[in-house]
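This is input39.cif. It holds mmCIF, C-alpha atoms, pLDDT in the B column; chains and numbers go by the auth columns.
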```cif
data_entry
#
loop_
_atom_site.group_PDB
_atom_site.id
_atom_site.type_symbol
_atom_site.label_atom_id
_atom_site.label_comp_id
_atom_site.label_asym_id
_atom_site.label_seq_id
_atom_site.Cartn_x
_atom_site.Cartn_y
_atom_site.Cartn_z
_atom_site.B_iso_or_equiv
_atom_site.auth_seq_id
_atom_site.auth_asym_id
ATOM 1 C CA MET A 1 92.230 87.228 129.854 53.00 1 B
ATOM 2 C CA SER A 2 92.088 87.008 133.649 69.00 2 B
ATOM 3 C CA THR A 3 94.843 84.351 133.739 75.00 3 B
ATOM 4 C CA TYR A 4 97.085 86.734 131.800 76.00 4 B
ATOM 5 C CA LYS A 5 96.478 89.469 134.405 81.00 5 B
ATOM 6 C CA ALA A 6 97.117 87.028 137.243 80.00 6 B
ATOM 7 C CA ASP A 7 100.349 85.815 135.618 82.00 7 B
ATOM 8 C CA ARG A 8 101.498 89.358 134.938 85.00 8 B
ATOM 9 C CA THR A 9 100.682 90.440 138.505 88.00 9 B
ATOM 10 C CA ARG A 10 102.634 87.453 139.815 86.00 10 B
ATOM 11 C CA GLN A 11 105.558 88.478 137.589 88.00 11 B
ATOM 12 C CA TYR A 12 105.452 92.084 138.875 90.00 12 B
ATOM 13 C CA ILE A 13 105.537 90.788 142.450 91.00 13 B
ATOM 14 C CA TYR A 14 108.483 88.549 141.592 91.00 14 B
ATOM 15 C CA ILE A 15 110.335 91.492 140.006 92.00 15 B
ATOM 16 C CA ALA A 16 109.641 93.619 143.105 93.00 16 B
ATOM 17 C CA LEU A 17 110.879 90.886 145.465 92.00 17 B
ATOM 18 C CA LEU A 18 114.088 90.311 143.528 93.00 18 B
ATOM 19 C CA CYS A 19 114.611 94.068 143.225 94.00 19 B
ATOM 20 C CA ALA A 20 114.223 94.515 146.979 94.00 20 B
ATOM 21 C CA GLN A 21 116.648 91.663 147.640 94.00 21 B
ATOM 22 C CA GLY A 22 119.164 93.118 145.192 93.00 22 B
ATOM 23 C CA VAL A 23 118.941 96.576 146.742 93.00 23 B
ATOM 24 C CA ILE A 24 119.398 95.194 150.258 93.00 24 B
ATOM 25 C CA ILE A 25 122.343 93.033 149.172 92.00 25 B
ATOM 26 C CA GLY A 26 123.899 96.026 147.384 87.00 26 B
ATOM 27 C CA LEU A 27 123.507 98.304 150.397 87.00 27 B
ATOM 28 C CA LEU A 28 124.853 95.658 152.782 88.00 28 B
ATOM 29 C CA GLU A 29 127.801 95.051 150.483 85.00 29 B
ATOM 30 C CA ARG A 30 128.721 98.743 150.670 81.00 30 B
ATOM 31 C CA MET A 31 128.998 98.381 154.450 82.00 31 B
ATOM 32 C CA ILE A 32 131.512 95.531 154.220 78.00 32 B
ATOM 33 C CA PRO A 33 135.031 96.839 154.871 74.00 33 B
ATOM 34 C CA PHE A 34 137.267 96.612 151.848 67.00 34 B
ATOM 35 C CA PRO A 35 139.695 93.698 152.356 63.00 35 B
ATOM 36 C CA PHE A 36 141.953 94.064 149.301 57.00 36 B
ATOM 37 C CA ALA A 37 144.472 96.869 149.791 51.00 37 B
ATOM 38 C CA PHE A 38 145.976 96.376 146.314 55.00 38 B
ATOM 39 C CA ALA A 39 142.641 96.820 144.514 61.00 39 B
ATOM 40 C CA PRO A 40 140.703 99.768 145.917 61.00 40 B
ATOM 41 C CA GLY A 41 137.150 99.880 144.688 62.00 41 B
ATOM 42 C CA ALA A 42 136.880 96.137 144.080 67.00 42 B
ATOM 43 C CA LYS A 43 133.746 94.576 145.538 75.00 43 B
ATOM 44 C CA LEU A 44 132.366 91.078 145.677 80.00 44 B
ATOM 45 C CA GLY A 45 129.406 91.927 143.446 85.00 45 B
ATOM 46 C CA LEU A 46 126.942 89.933 145.522 88.00 46 B
ATOM 47 C CA ALA A 47 123.970 91.765 144.018 88.00 47 B
ATOM 48 C CA ASN A 48 124.977 90.163 140.704 90.00 48 B
ATOM 49 C CA LEU A 49 123.404 87.015 142.147 92.00 49 B
ATOM 50 C CA ILE A 50 120.001 88.633 141.617 94.00 50 B
ATOM 51 C CA THR A 51 120.895 89.399 137.997 93.00 51 B
ATOM 52 C CA ILE A 52 121.893 85.766 137.405 93.00 52 B
ATOM 53 C CA ILE A 53 118.626 84.557 138.936 92.00 53 B
ATOM 54 C CA SER A 54 116.638 86.980 136.774 93.00 54 B
ATOM 55 C CA LEU A 55 118.396 85.874 133.584 92.00 55 B
ATOM 56 C CA PHE A 56 117.392 82.273 134.272 90.00 56 B
ATOM 57 C CA THR A 57 113.846 82.822 135.571 90.00 57 B
ATOM 58 C CA MET A 58 112.478 85.867 133.729 90.00 58 B
ATOM 59 C CA SER A 59 111.928 87.113 130.239 91.00 59 B
ATOM 60 C CA ILE A 60 114.669 89.323 128.824 93.00 60 B
ATOM 61 C CA PRO A 61 112.651 92.575 129.124 93.00 61 B
ATOM 62 C CA ASP A 62 111.674 91.795 132.736 93.00 62 B
ATOM 63 C CA SER A 63 115.269 90.987 133.614 94.00 63 B
ATOM 64 C CA PHE A 64 116.426 94.294 132.107 95.00 64 B
ATOM 65 C CA ILE A 65 113.724 96.205 134.013 95.00 65 B
ATOM 66 C CA LEU A 66 114.835 94.502 137.233 95.00 66 B
ATOM 67 C CA MET A 67 118.461 95.489 136.619 94.00 67 B
ATOM 68 C CA CYS A 68 117.478 99.125 135.939 95.00 68 B
ATOM 69 C CA LEU A 69 115.211 99.340 138.997 95.00 69 B
ATOM 70 C CA ARG A 70 117.851 97.799 141.254 93.00 70 B
ATOM 71 C CA LEU A 71 120.470 100.231 139.962 92.00 71 B
ATOM 72 C CA LEU A 72 118.208 103.247 140.397 93.00 72 B
ATOM 73 C CA LEU A 73 116.990 102.325 143.884 93.00 73 B
ATOM 74 C CA THR A 74 120.442 101.405 145.165 90.00 74 B
ATOM 75 C CA THR A 75 121.769 104.748 143.929 89.00 75 B
ATOM 76 C CA LEU A 76 118.883 106.705 145.436 91.00 76 B
ATOM 77 C CA LEU A 77 119.275 104.969 148.806 90.00 77 B
ATOM 78 C CA GLY A 78 123.011 105.255 149.164 80.00 78 B
ATOM 79 C CA GLY A 79 124.831 106.639 146.186 79.00 79 B
ATOM 80 C CA THR A 80 125.828 109.704 144.260 86.00 80 B
ATOM 81 C CA LEU A 81 125.709 110.726 140.610 88.00 81 B
ATOM 82 C CA SER A 82 129.197 109.326 140.058 87.00 82 B
ATOM 83 C CA THR A 83 128.153 106.028 141.694 86.00 83 B
ATOM 84 C CA PHE A 84 125.193 105.919 139.323 91.00 84 B
ATOM 85 C CA LEU A 85 127.410 106.513 136.287 92.00 85 B
ATOM 86 C CA TYR A 86 129.987 103.895 137.262 90.00 86 B
ATOM 87 C CA SER A 87 127.454 101.325 138.412 89.00 87 B
ATOM 88 C CA GLY A 88 125.151 101.990 135.470 92.00 88 B
ATOM 89 C CA ALA A 89 127.838 101.470 132.857 94.00 89 B
ATOM 90 C CA GLY A 90 129.084 98.361 134.610 92.00 90 B
ATOM 91 C CA ALA A 91 125.614 96.922 135.146 93.00 91 B
ATOM 92 C CA VAL A 92 124.412 97.470 131.572 96.00 92 B
ATOM 93 C CA LEU A 93 127.592 96.115 129.957 96.00 93 B
ATOM 94 C CA SER A 94 127.621 93.178 132.366 95.00 94 B
ATOM 95 C CA TRP A 95 123.924 92.387 131.774 95.00 95 B
ATOM 96 C CA PHE A 96 124.276 92.412 127.984 96.00 96 B
ATOM 97 C CA GLY A 97 127.446 90.322 128.145 94.00 97 B
ATOM 98 C CA MET A 98 125.901 87.752 130.472 94.00 98 B
ATOM 99 C CA LEU A 99 122.817 87.566 128.264 94.00 99 B
ATOM 100 C CA LEU A 100 124.949 86.915 125.176 93.00 100 B
ATOM 101 C CA ILE A 101 127.064 84.297 126.925 93.00 101 B
ATOM 102 C CA LYS A 102 123.921 82.624 128.299 91.00 102 B
ATOM 103 C CA GLN A 103 122.798 82.055 124.702 88.00 103 B
ATOM 104 C CA LEU A 104 125.902 79.872 124.217 87.00 104 B
ATOM 105 C CA GLY A 105 125.052 77.611 127.161 79.00 105 B
ATOM 106 C CA GLU A 106 123.729 77.580 130.670 72.00 106 B
ATOM 107 C CA LYS A 107 126.922 77.558 132.749 84.00 107 B
ATOM 108 C CA ARG A 108 126.117 80.001 135.525 87.00 108 B
ATOM 109 C CA VAL A 109 129.675 80.150 136.881 91.00 109 B
ATOM 110 C CA SER A 110 131.208 81.227 133.561 91.00 110 B
ATOM 111 C CA ILE A 111 128.329 83.637 132.894 93.00 111 B
ATOM 112 C CA SER A 112 128.834 85.208 136.303 93.00 112 B
ATOM 113 C CA ALA A 113 132.630 85.426 135.896 93.00 113 B
ATOM 114 C CA ALA A 114 132.190 87.172 132.540 93.00 114 B
ATOM 115 C CA GLY A 115 129.675 89.512 134.190 93.00 115 B
ATOM 116 C CA GLY A 116 132.243 90.413 136.850 91.00 116 B
ATOM 117 C CA ILE A 117 134.880 91.274 134.252 93.00 117 B
ATOM 118 C CA LEU A 118 132.461 93.235 132.050 94.00 118 B
ATOM 119 C CA HIS A 119 131.180 95.203 135.047 93.00 119 B
ATOM 120 C CA ASN A 120 134.749 96.313 135.730 92.00 120 B
ATOM 121 C CA VAL A 121 135.308 97.169 132.055 94.00 121 B
ATOM 122 C CA GLY A 122 132.166 99.335 132.049 93.00 122 B
ATOM 123 C CA GLN A 123 133.263 101.165 135.170 91.00 123 B
ATOM 124 C CA LEU A 124 136.764 101.762 133.817 92.00 124 B
ATOM 125 C CA LEU A 125 135.365 103.070 130.525 94.00 125 B
ATOM 126 C CA VAL A 126 133.355 105.667 132.446 93.00 126 B
ATOM 127 C CA ALA A 127 136.400 106.511 134.565 91.00 127 B
ATOM 128 C CA SER A 128 138.443 106.939 131.368 93.00 128 B
ATOM 129 C CA LEU A 129 135.839 109.276 129.913 93.00 129 B
ATOM 130 C CA ILE A 130 135.651 111.331 133.109 91.00 130 B
ATOM 131 C CA ALA A 131 139.449 111.505 133.505 90.00 131 B
ATOM 132 C CA GLN A 132 139.852 112.022 129.737 92.00 132 B
ATOM 133 C CA SER A 133 142.684 109.523 129.785 90.00 133 B
ATOM 134 C CA TRP A 134 142.957 105.863 128.832 89.00 134 B
ATOM 135 C CA THR A 135 145.632 105.266 131.470 90.00 135 B
ATOM 136 C CA VAL A 136 142.823 104.348 133.874 88.00 136 B
ATOM 137 C CA MET A 137 142.503 101.135 131.839 90.00 137 B
ATOM 138 C CA LEU A 138 145.886 100.035 133.237 90.00 138 B
ATOM 139 C CA TYR A 139 143.908 99.108 136.341 87.00 139 B
ATOM 140 C CA LEU A 140 141.931 96.529 134.298 90.00 140 B
ATOM 141 C CA PRO A 141 144.164 93.474 134.911 91.00 141 B
ATOM 142 C CA VAL A 142 143.829 93.839 138.675 87.00 142 B
ATOM 143 C CA LEU A 143 140.081 94.434 138.513 88.00 143 B
ATOM 144 C CA ALA A 144 139.628 91.657 135.936 89.00 144 B
ATOM 145 C CA PHE A 145 141.313 89.178 138.258 90.00 145 B
ATOM 146 C CA MET A 146 139.116 90.313 141.143 87.00 146 B
ATOM 147 C CA GLY A 147 136.049 90.205 138.861 88.00 147 B
ATOM 148 C CA ILE A 148 136.780 86.622 137.830 91.00 148 B
ATOM 149 C CA LEU A 149 137.169 85.492 141.449 91.00 149 B
ATOM 150 C CA ALA A 150 134.037 87.306 142.584 90.00 150 B
ATOM 151 C CA GLY A 151 132.116 86.078 139.527 92.00 151 B
ATOM 152 C CA ILE A 152 133.071 82.472 140.218 94.00 152 B
ATOM 153 C CA ALA A 153 131.921 82.826 143.830 93.00 153 B
ATOM 154 C CA VAL A 154 128.601 84.377 142.769 93.00 154 B
ATOM 155 C CA GLY A 155 128.134 81.699 140.085 93.00 155 B
ATOM 156 C CA ILE A 156 128.702 78.927 142.623 94.00 156 B
ATOM 157 C CA ALA A 157 126.180 80.599 144.933 93.00 157 B
ATOM 158 C CA ALA A 158 123.681 80.784 142.047 92.00 158 B
ATOM 159 C CA ASN A 159 124.176 77.080 141.315 91.00 159 B
ATOM 160 C CA PHE A 160 123.577 76.312 144.977 92.00 160 B
ATOM 161 C CA LEU A 161 120.384 78.373 145.027 90.00 161 B
ATOM 162 C CA PHE A 162 119.024 76.774 141.856 88.00 162 B
ATOM 163 C CA GLU A 163 119.729 73.307 143.245 87.00 163 B
ATOM 164 C CA HIS A 164 118.306 73.888 146.727 85.00 164 B
ATOM 165 C CA ILE A 165 115.540 76.486 146.368 85.00 165 B
ATOM 166 C CA ASP A 166 112.535 74.685 144.956 79.00 166 B
ATOM 167 C CA ILE A 167 110.683 77.809 143.784 78.00 167 B
ATOM 168 C CA LEU A 168 113.623 78.806 141.532 75.00 168 B
ATOM 169 C CA ARG A 169 113.562 75.374 139.881 68.00 169 B
ATOM 170 C CA ARG A 170 109.814 75.704 139.336 70.00 170 B
ATOM 171 C CA LEU A 171 110.083 79.235 137.933 70.00 171 B
ATOM 172 C CA ARG A 172 112.804 78.123 135.568 62.00 172 B
ATOM 173 C CA TYR A 173 110.729 75.120 134.527 49.00 173 B
ATOM 174 C CA ASP A 174 107.583 77.232 134.078 59.00 174 B
ATOM 175 C CA ARG A 175 109.449 79.718 131.883 57.00 175 B
ATOM 176 C CA THR A 176 110.872 76.903 129.719 55.00 176 B
ATOM 177 C CA LYS A 177 107.468 75.247 129.516 58.00 177 B
ATOM 178 C CA ARG A 178 105.769 78.532 128.516 57.00 178 B
ATOM 179 C CA ARG A 179 108.414 79.171 125.862 58.00 179 B
ATOM 180 C CA LYS A 180 107.878 75.683 124.361 59.00 180 B
ATOM 181 C CA LYS A 181 104.097 76.082 124.589 58.00 181 B
ATOM 182 C CA GLY A 182 104.310 79.443 122.799 54.00 182 B
ATOM 183 C CA ALA A 183 106.467 77.929 120.029 52.00 183 B
ATOM 184 C CA THR A 184 103.986 75.070 119.611 51.00 184 B
ATOM 185 C CA HIS A 185 101.117 77.554 119.472 48.00 185 B
ATOM 186 C CA GLU A 186 102.932 79.650 116.825 46.00 186 B
ATOM 187 C CA ASN A 187 103.651 76.550 114.704 46.00 187 B
ATOM 188 C CA SER A 188 100.020 75.446 114.830 43.00 188 B
ATOM 189 C CA SER A 189 98.820 78.946 113.837 43.00 189 B
ATOM 190 C CA HIS A 190 101.198 78.963 110.828 45.00 190 B
ATOM 191 C CA VAL A 191 99.755 75.638 109.645 45.00 191 B
ATOM 192 C CA ALA A 192 96.172 76.913 109.783 43.00 192 B
#
```
Target format structure tokens, applied to this file:
Amino acid sequence: MSTYKADRTRQYIYIALLCAQGVIIGLLERMIPFPFAFAPGAKLGLANLITIISLFTMSIPDSFILMCLRLLLTTLLGGTLSTFLYSGAGAVLSWFGMLLIKQLGEKRVSISAAGGILHNVGQLLVASLIAQSWTVMLYLPVLAFMGILAGIAVGIAANFLFEHIDILRRLRYDRTKRRKKGATHENSSHVA
């Protein structure tokens, strides 16, 4: 029982650390001047790096909690209600899409690129609802292109981190090992 509490405490600390990193990255990204005059509102989506890391190192519920906490804290520290609505729709749609695509294979670059596109789709859906017009969706091709480029960059950064940061490799290995151990334990309990 005490090892469960120690593991769970370690997981809470890990969630808090990734959340803090995501919030800081998100706030710093808001300070970066916007370089693309033809696509106002487009961002690099650097905080998506934290979401990618969580999808590969945490359980699904913990990853979802991390995404929600990061969204809430980033909004409270530097956003408005409209920022929360746009970011929330984009983050939730992106997270679910990346999770589904991850089930097909573990290509972080393609998962991240899809996340970038889906984030933009979520934001444009909210904008369409607020404006009560679907013409806002005409902006999708421009944002989709920017989302793909930003997603590829974030995916490459995630690959680099997983290759060069030893603790991420260990966390990923531990999660895989625990999942296999749990499946073995379930199979042995069904036999008995």
Using only C-alpha atoms, which protein or nucleic acid residues come within 10 Å of B:Tyr14? Drop anything in the same chain fewer than 2 positions from it, and give the result as a ChimeraX atom specification. /B:8-12,16-20,54,57-58,62,66
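The protein and nucleic acid residues lying at most 12 Å from stretch 76-84 of chain B are Ala20, Val23, Ile24, Gly26, Leu27, Leu28, Glu29, Arg30, Met31, Gly41, Cys68, Leu69, Arg70, Leu71, Leu72, Leu73, Ser87, Gly88, Ala89, Gly90, Ala91, Val92, Gln123, Val126, Ala127 and Ile130 of chain B, with only C-alpha atoms considered and sequence neighbours fewer than 3 positions away removed.
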Can you work out which one of B:Pro141, B:Gly151, B:Gly122, B:Gly45 has the shortest atom-to-atom distance to B:Ser110, counting all atoms listed in the file? B:Gly151
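The neighbours of stretch 162-166 of chain B here are the residues that come within 12 Å of it, using all atoms listed in the file and leaving out any residue fewer than 3 positions away in the same chain; they are Leu49, Ile50, Ile52, Ile53, Ser54, Phe56, Thr57, Arg108, Gly155, Ile156, Ala157, Ala158, Asn159, Arg169, Arg170, Leu171, Arg172 and Tyr173 of chain B.
In this structure, atom CA of B:Ala144 sits 15.5 Å away from atom CA of B:Asn48.
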Pairwise distance for atom CA of B:Thr135 and atom CA of B:Val121, rounded to one decimal in Å: 13.1 Å
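Interatomic distance, atom CA of B:His119 to atom CA of B:Gly97: 9.2 Å.
Considering the residues B:Ser94, B:Ser112, B:Ser63, B:Thr75 and counting all atoms listed in the file, B:Leu46 has its shortest atom-to-atom contact with B:Ser112.
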